[in-house]
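The structure appears right after this line, and notes come after that.
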Amino acid sequence: MNLRFVVATTLILSLPALAHAGSGGPNVFGYLWEDSNEIGGPAYFPENASNGLSMGDDTELSVSLPFTFEFFGLAYTSVNVESNGLISFGSANGNTGNSCTSTPTGAVLAPWWLDLDPPNNGSVGWDVHYTAPNRVFVAKWEDIEAYPSSTGFATFEVQLFETTNDIEFHYTDVTFADSSKDYGAQGWVGISDGLDELEVQCNDGLLDSFYAVHFYAPLACVDDDGDGWNEIACGGSDCDDFDAGTYPGAPEVCDGVDNDCSGSVPSDENDSDGDGWAPCEGDCNDFDSDESPGNTEASVARCSDFLDNDCDSLVDQSDPDCAPFIGGDDDDDDDDDDGAGDDDDAANDDDAANDDDAANDDDAANDDDAANDDDAANDDD
């Protein structure tokens, strides 16, 4: 056997995972993560866990939290510390072996979801550090053996932060002396509410000793406009959290806004011809800027263009606004239809005072010329 080959192979298999800078997210809810190799990432800073748990194989024990912790928008006052490298919220979940094709059952934090065997070696415990409102809850797996019977032992922990609701995973030792498991070559790392997960790695071997991962909770959701709906950015569905009239299912009003958060503005709220009027505001032809409620019919040109310029359902001569601009004689007291803008009363009409020209009529004073009429004093000579 080639001894140099054996030595080289042994060295390669025992090399630690290459340091990498990592970050990810957001998931649907809005969580983000970054690791201690990332610029500005978390510092590796493990804490002690002096409160031991009598942890059997494939078991979980409930621990009360010293503060309320929010996870995926829900508030919790206790956690279940599970033997297989995760903690869960709510009812016991019974997560055993890990899978890259399905997330753990329920709401979980998984620093290293793997089939572990605490009864054979090591300990699982918890503790609380610092003072309110900056307390940190710690759940820790220390010198834990991987199933079945690894000769190396891993140490890692979860830290939950009061007030910010942030989460950190800290890794002190990630080797089991088993290349199929070391550095996370087997195991799922991430957070999930059972449906919406944020994964750091799964069977990728990306973990390292003296390493940390920080999960940032989304900004606290506040219903800014008081309409009962939170904004999309923090897991809600209000498409405009500064407008109380805009939320899922809101009635559409004629304002050019997607009031019901359906993803589109109704077509009758669009001003297609740019005349300042939308169909829902009364624009009778939104493809012609010469027709809108803001226009007038009163001009010679518009009274003969066959358009309902002012959208009053009356076109050209049928619209009273066009009366002064259409030919014809009506002999009324106000207007004439001869194009001059007058009528037949002031200067010319057929009444007792005036005939059809400016100088003569057929009354007692004047005949059809300037000098003569048909009365006793004047005749047609």
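Just remember, in the structure tokens the first chain shown is A, the second B, etc., residues are 1-based per chain, and ligands are 1-based in the order shown.
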
Report task. Can you pull out every residue within 12 Å of Asp271 (chain A), counting only C-alpha atoms, but drop anything in the same chain fewer than 2 positions away, and send it as number ranges by chain? Result -> A: 254-256, 265-269, 273-289, 292

Take the residues just selected and output them with C-alpha atoms as a PDB file, in the first residue's frame.
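New file result.pdb:
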```pdb
ATOM      1  CA  CYS A 254     -62.908  56.154  -7.681  1.00  0.00           C
ATOM      2  CA  ASP A 255     -59.437  57.369  -6.679  1.00  0.00           C
ATOM      3  CA  GLY A 256     -56.961  55.521  -8.919  1.00  0.00           C
ATOM      4  CA  VAL A 265     -56.428  49.311 -10.057  1.00  0.00           C
ATOM      5  CA  PRO A 266     -59.887  48.846 -11.682  1.00  0.00           C
ATOM      6  CA  SER A 267     -59.840  49.843 -15.347  1.00  0.00           C
ATOM      7  CA  ASP A 268     -62.585  52.472 -14.902  1.00  0.00           C
ATOM      8  CA  GLU A 269     -60.270  54.382 -12.551  1.00  0.00           C
ATOM      9  CA  ASP A 273     -56.675  59.850 -22.619  1.00  0.00           C
ATOM     10  CA  GLY A 274     -55.000  62.099 -20.057  1.00  0.00           C
ATOM     11  CA  ASP A 275     -57.812  64.640 -19.895  1.00  0.00           C
ATOM     12  CA  GLY A 276     -57.989  64.544 -16.101  1.00  0.00           C
ATOM     13  CA  TRP A 277     -61.168  62.481 -15.987  1.00  0.00           C
ATOM     14  CA  ALA A 278     -61.568  58.716 -15.486  1.00  0.00           C
ATOM     15  CA  PRO A 279     -64.659  56.751 -16.560  1.00  0.00           C
ATOM     16  CA  CYS A 280     -65.687  56.337 -12.929  1.00  0.00           C
ATOM     17  CA  GLU A 281     -65.748  60.170 -12.717  1.00  0.00           C
ATOM     18  CA  GLY A 282     -68.077  60.474 -15.689  1.00  0.00           C
ATOM     19  CA  ASP A 283     -65.745  60.503 -18.702  1.00  0.00           C
ATOM     20  CA  CYS A 284     -68.029  59.267 -21.486  1.00  0.00           C
ATOM     21  CA  ASN A 285     -65.133  58.465 -23.851  1.00  0.00           C
ATOM     22  CA  ASP A 286     -61.804  57.807 -22.163  1.00  0.00           C
ATOM     23  CA  PHE A 287     -60.049  57.459 -25.516  1.00  0.00           C
ATOM     24  CA  ASP A 288     -60.776  61.033 -26.687  1.00  0.00           C
ATOM     25  CA  SER A 289     -59.656  64.033 -24.645  1.00  0.00           C
ATOM     26  CA  SER A 292     -65.090  64.800 -20.756  1.00  0.00           C
TER      27      SER A 292
END
```

Report task. Please run DSSP on the backbone and report, as a VMD selection string, all residues within region 3-210 of chain A that come out as alpha helix (DSSP H). Result -> chain A and resid 3 to 14

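Shortest atom-to-atom contact with Ser99 (chain A) among A:Ile167, A:Val189, A:Met55, A:Ala177: A:Val189, counting only C-alpha atoms.
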
Report task. Assign secondary structure with DSSP using the backbone only, and return the residues of region 113-324 of chain A in strand (DSSP E) as a PyMOL selection string. Result -> chain A and resi 113+123-129+136-145+153-161+167-173+188-192+197-202+211-216

Query raised in the report: Gly25 (chain A): which residues within 12 Å, counting only C-alpha atoms, same-chain residues fewer than 6 positions away excluded, as a list in words?
Result: Tyr31, Leu32, Trp33, Glu34, Gly190, Ile191, Asp196, Glu197, Leu198, Glu199, Val200, His214, Phe215, Tyr216, Ala217 and Pro218 of chain A
